[in-house]
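What follows is a single structure, written as structure tokens, with notes after it.
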Amino acid sequence: MPNPDQETLTLLRRRDPRGFDQAYATYAVRLFSFLTRLVGRAERPLAEDLLQQTFLKLAEHGPELRADSDLRAWLYTVARNAFLGQVRGRHTTAEGPSLELIADFAPDAEARLMVGDVEAALLRLRLEDRELLLLVGAEGLEPRAVSKLLGLEPATLRKRLERARQRLLLELERGESRPAAAKEVSS
Amino acid sequence: MNETDLVRRSLAELPAVLPPPALSAKIRAAAQARLVPAKVHAAWGVAIAASVVAYLGWALVYTSQLY
């Protein structure tokens with residue numbers, strides 16, 4: 001299968017800024033979505049900082065990448081490492097997203113409640129489960145790429161993914177039994 | 001739809017979160033500076049070459065005066 005980022009990588013290897021622009025246009029929104037949900041919306045400035053670190057690493061090391069590199073996996077690995085580096089020894093919030101942010105996020109009340117529910121449930125999960133669900137479920141990365149990224153055997157990844165889905169489901173169900181919060185979001 | 005499908009769908013349907021335009025502009029500018037190194041003005045090259053020649057000349061004269 002041809003590398004979808006071949007042209008981007010070729011330009012980056014020539015230090016051509018158009019390569020960076022292509023990479024940014026393709027992956028910035030996805031990475032920012034991933035990082036924002038990984039750290040929680042209340043920590044949005046941290047997600048912004050991590051996005052910046054990730055893309056500056058690309059500008060620095062992009063010219064050294066091989067022509068057949070998996071740019072997407074490389075970017076997620078850098079973003080994840082930047083996140084782990086930042087939060088090591090630092091307290092990150094385990095609180096759900098702020099209601100104002102959810103309200104800005106999606107126009108209709110029902111969608112707002114759904115998005116808020118899923119994101120809040122994700123934030124209540126352990127970091128390992130959260131990043132796994134975000135990488136595979138929300139970002140659509142191939143399980144093979146994720147197992148390489150996280151350093152897990154494919155069979156282990158499958159088991160962990162299944163457990164993480166169950167835990168998320170459990171958290172969603174628990175969330176449903178918190179009517180006060182739900183009412184606040186939908187009002 | 002079973003429960004696992006529901007979880008899968010809810011994750012896949014999470015909307016994108018856009019980075020602020022000001023941040024994107026800042027990142028692009030910083031990346032450009034890293035990718036394209038600033039060109040050194042030709043005068044700096046001439047100045048460095050001249051200082052090397054001057055130093056070698058001085059060293060030659062100084063050494064020749066020792067004997």
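Following the order of the structure tokens, first chain is A, next is B, and so on, with residues numbered from 1 inside each chain and ligands from 1 in the order they appear.
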
Please identify every residue of chain A that has at least one atom no more than 8 Å from any atom of chain B, counting only C-alpha atoms, and report them as a ChimeraX atom specification.
-> /A:15-17,20-21,28-30,32-33,36,48,52,55-56,59-60,114-115,118,133-134,137-140,165-166,168-169

Nearby residues (only C-alpha atoms) at most 10 Å from stretch 61-73 of chain A, same-chain spacing under 3 positions excluded, as a PyMOL selection string = (chain A and resi 2-16+19-20+23+26-27+30-31+55-58+76-79+141-142+145-146+148-149) or (chain B and resi 34-35)

Give me every helix (DSSP H, G or I) residue in chain B, going by DSSP on the backbone, as a ChimeraX atom specification.
-> /B:3-12,21-35,42-66

Save out the residues we just selected, N, CA and C atoms, as a short mmCIF file (atom, residue, chain, number, x, y, z; two decimals), in the first residue's frame.
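Once everything was written out, this is selection_6.cif:
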data_model
loop_
_atom_site.label_atom_id
_atom_site.label_comp_id
_atom_site.auth_asym_id
_atom_site.auth_seq_id
_atom_site.Cartn_x
_atom_site.Cartn_y
_atom_site.Cartn_z
N GLU B 3 -23.90 -3.19 23.12
CA GLU B 3 -23.29 -2.12 23.92
C GLU B 3 -21.90 -1.73 23.42
N THR B 4 -21.13 -2.74 22.95
CA THR B 4 -19.79 -2.44 22.46
C THR B 4 -19.88 -1.56 21.21
N ASP B 5 -20.86 -1.86 20.36
CA ASP B 5 -21.06 -1.03 19.16
C ASP B 5 -21.39 0.40 19.55
N LEU B 6 -22.16 0.53 20.60
CA LEU B 6 -22.55 1.86 21.08
C LEU B 6 -21.31 2.65 21.51
N VAL B 7 -20.43 1.96 22.24
CA VAL B 7 -19.19 2.61 22.70
C VAL B 7 -18.34 3.00 21.49
N ARG B 8 -18.22 2.07 20.55
CA ARG B 8 -17.43 2.33 19.34
C ARG B 8 -17.98 3.55 18.60
N ARG B 9 -19.30 3.55 18.44
CA ARG B 9 -19.91 4.64 17.68
C ARG B 9 -19.75 5.97 18.41
N SER B 10 -19.96 5.93 19.71
CA SER B 10 -19.86 7.20 20.45
C SER B 10 -18.44 7.77 20.39
N LEU B 11 -17.44 6.89 20.36
CA LEU B 11 -16.06 7.37 20.26
C LEU B 11 -15.77 7.90 18.86
N ALA B 12 -16.24 7.15 17.86
CA ALA B 12 -15.97 7.55 16.47
C ALA B 12 -16.67 8.84 16.11
N PRO B 21 -6.69 29.51 15.85
CA PRO B 21 -5.94 29.99 14.68
C PRO B 21 -4.63 30.68 15.05
N ALA B 22 -4.65 31.41 16.18
CA ALA B 22 -3.43 32.13 16.58
C ALA B 22 -2.31 31.13 16.92
N LEU B 23 -2.70 30.01 17.53
CA LEU B 23 -1.70 28.99 17.87
C LEU B 23 -1.15 28.36 16.59
N SER B 24 -2.03 28.08 15.64
CA SER B 24 -1.58 27.48 14.38
C SER B 24 -0.60 28.40 13.67
N ALA B 25 -0.92 29.70 13.67
CA ALA B 25 -0.03 30.67 13.01
C ALA B 25 1.33 30.70 13.70
N LYS B 26 1.30 30.64 15.02
CA LYS B 26 2.54 30.68 15.81
C LYS B 26 3.39 29.43 15.52
N ILE B 27 2.73 28.29 15.48
CA ILE B 27 3.45 27.03 15.25
C ILE B 27 4.06 27.03 13.83
N ARG B 28 3.27 27.47 12.85
CA ARG B 28 3.77 27.49 11.47
C ARG B 28 4.98 28.42 11.34
N ALA B 29 4.91 29.58 11.99
CA ALA B 29 6.03 30.53 11.90
C ALA B 29 7.28 29.94 12.54
N ALA B 30 7.11 29.33 13.70
CA ALA B 30 8.27 28.74 14.40
C ALA B 30 8.84 27.58 13.59
N ALA B 31 7.97 26.80 12.97
CA ALA B 31 8.44 25.66 12.17
C ALA B 31 9.22 26.14 10.95
N GLN B 32 8.70 27.19 10.34
CA GLN B 32 9.37 27.76 9.16
C GLN B 32 10.79 28.18 9.52
N ALA B 33 10.93 28.82 10.67
CA ALA B 33 12.26 29.28 11.10
C ALA B 33 13.20 28.09 11.33
N ARG B 34 12.65 26.97 11.81
CA ARG B 34 13.50 25.80 12.05
C ARG B 34 13.85 25.08 10.75
N LEU B 35 12.89 25.05 9.84
CA LEU B 35 13.12 24.31 8.59
C LEU B 35 14.07 25.04 7.64
N ALA B 42 26.72 37.47 3.06
CA ALA B 42 28.02 37.19 2.44
C ALA B 42 29.16 37.95 3.13
N ALA B 43 28.84 39.11 3.65
CA ALA B 43 29.88 39.93 4.30
C ALA B 43 30.49 39.21 5.50
N TRP B 44 29.69 38.39 6.17
CA TRP B 44 30.21 37.65 7.33
C TRP B 44 31.26 36.64 6.88
N GLY B 45 31.03 35.99 5.74
CA GLY B 45 31.98 35.02 5.20
C GLY B 45 33.30 35.69 4.87
N VAL B 46 33.21 36.88 4.24
CA VAL B 46 34.40 37.63 3.86
C VAL B 46 35.16 38.06 5.12
N ALA B 47 34.40 38.51 6.12
CA ALA B 47 35.03 38.99 7.36
C ALA B 47 35.77 37.85 8.07
N ILE B 48 35.15 36.68 8.10
CA ILE B 48 35.79 35.54 8.77
C ILE B 48 37.05 35.11 8.01
N ALA B 49 36.96 35.04 6.67
CA ALA B 49 38.12 34.66 5.86
C ALA B 49 39.26 35.67 6.06
N ALA B 50 38.91 36.94 6.07
CA ALA B 50 39.93 37.99 6.24
C ALA B 50 40.61 37.88 7.60
N SER B 51 39.81 37.60 8.64
CA SER B 51 40.41 37.51 9.98
C SER B 51 41.34 36.28 10.08
N VAL B 52 41.01 35.21 9.38
CA VAL B 52 41.87 34.01 9.39
C VAL B 52 43.19 34.33 8.69
N VAL B 53 43.09 35.00 7.53
CA VAL B 53 44.31 35.36 6.76
C VAL B 53 45.18 36.30 7.60
N ALA B 54 44.53 37.27 8.25
CA ALA B 54 45.27 38.24 9.07
C ALA B 54 45.99 37.53 10.22
N TYR B 55 45.29 36.60 10.84
CA TYR B 55 45.90 35.88 11.96
C TYR B 55 47.08 35.04 11.49
N LEU B 56 46.92 34.35 10.36
CA LEU B 56 48.01 33.50 9.84
C LEU B 56 49.22 34.38 9.47
N GLY B 57 48.93 35.53 8.88
CA GLY B 57 50.00 36.47 8.50
C GLY B 57 50.76 36.94 9.73
N TRP B 58 49.96 37.30 10.75
CA TRP B 58 50.59 37.78 12.00
C TRP B 58 51.42 36.66 12.62
N ALA B 59 50.92 35.44 12.60
CA ALA B 59 51.63 34.30 13.19
C ALA B 59 52.94 34.05 12.45
N LEU B 60 52.89 34.20 11.13
CA LEU B 60 54.09 34.00 10.31
C LEU B 60 55.16 35.04 10.65
N VAL B 61 54.72 36.29 10.71
CA VAL B 61 55.65 37.40 11.01
C VAL B 61 56.23 37.20 12.42
N TYR B 62 55.39 36.89 13.35
CA TYR B 62 55.81 36.73 14.74
C TYR B 62 56.84 35.60 14.87
N THR B 63 56.56 34.47 14.17
CA THR B 63 57.45 33.31 14.25
C THR B 63 58.79 33.64 13.60
N SER B 64 58.73 34.36 12.47
CA SER B 64 59.98 34.66 11.76
C SER B 64 60.87 35.59 12.58
N GLN B 65 60.25 36.40 13.46
CA GLN B 65 61.03 37.33 14.30
C GLN B 65 61.71 36.62 15.47
N LEU B 66 61.31 35.42 15.75
CA LEU B 66 61.90 34.67 16.87
C LEU B 66 63.31 34.18 16.57
#

Using only C-alpha atoms, determine which residues lie at most 8 Å from A:Pro154, disregarding the query and same-chain residues fewer than 3 positions distant; provide the list as number ranges by chain.
-> A: 143-144, 147, 157-158

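Nearest to A:Phe34 of all the residues A:Leu84, A:Ala164, A:Leu170, A:Leu135 is A:Leu135, based on only C-alpha atoms.
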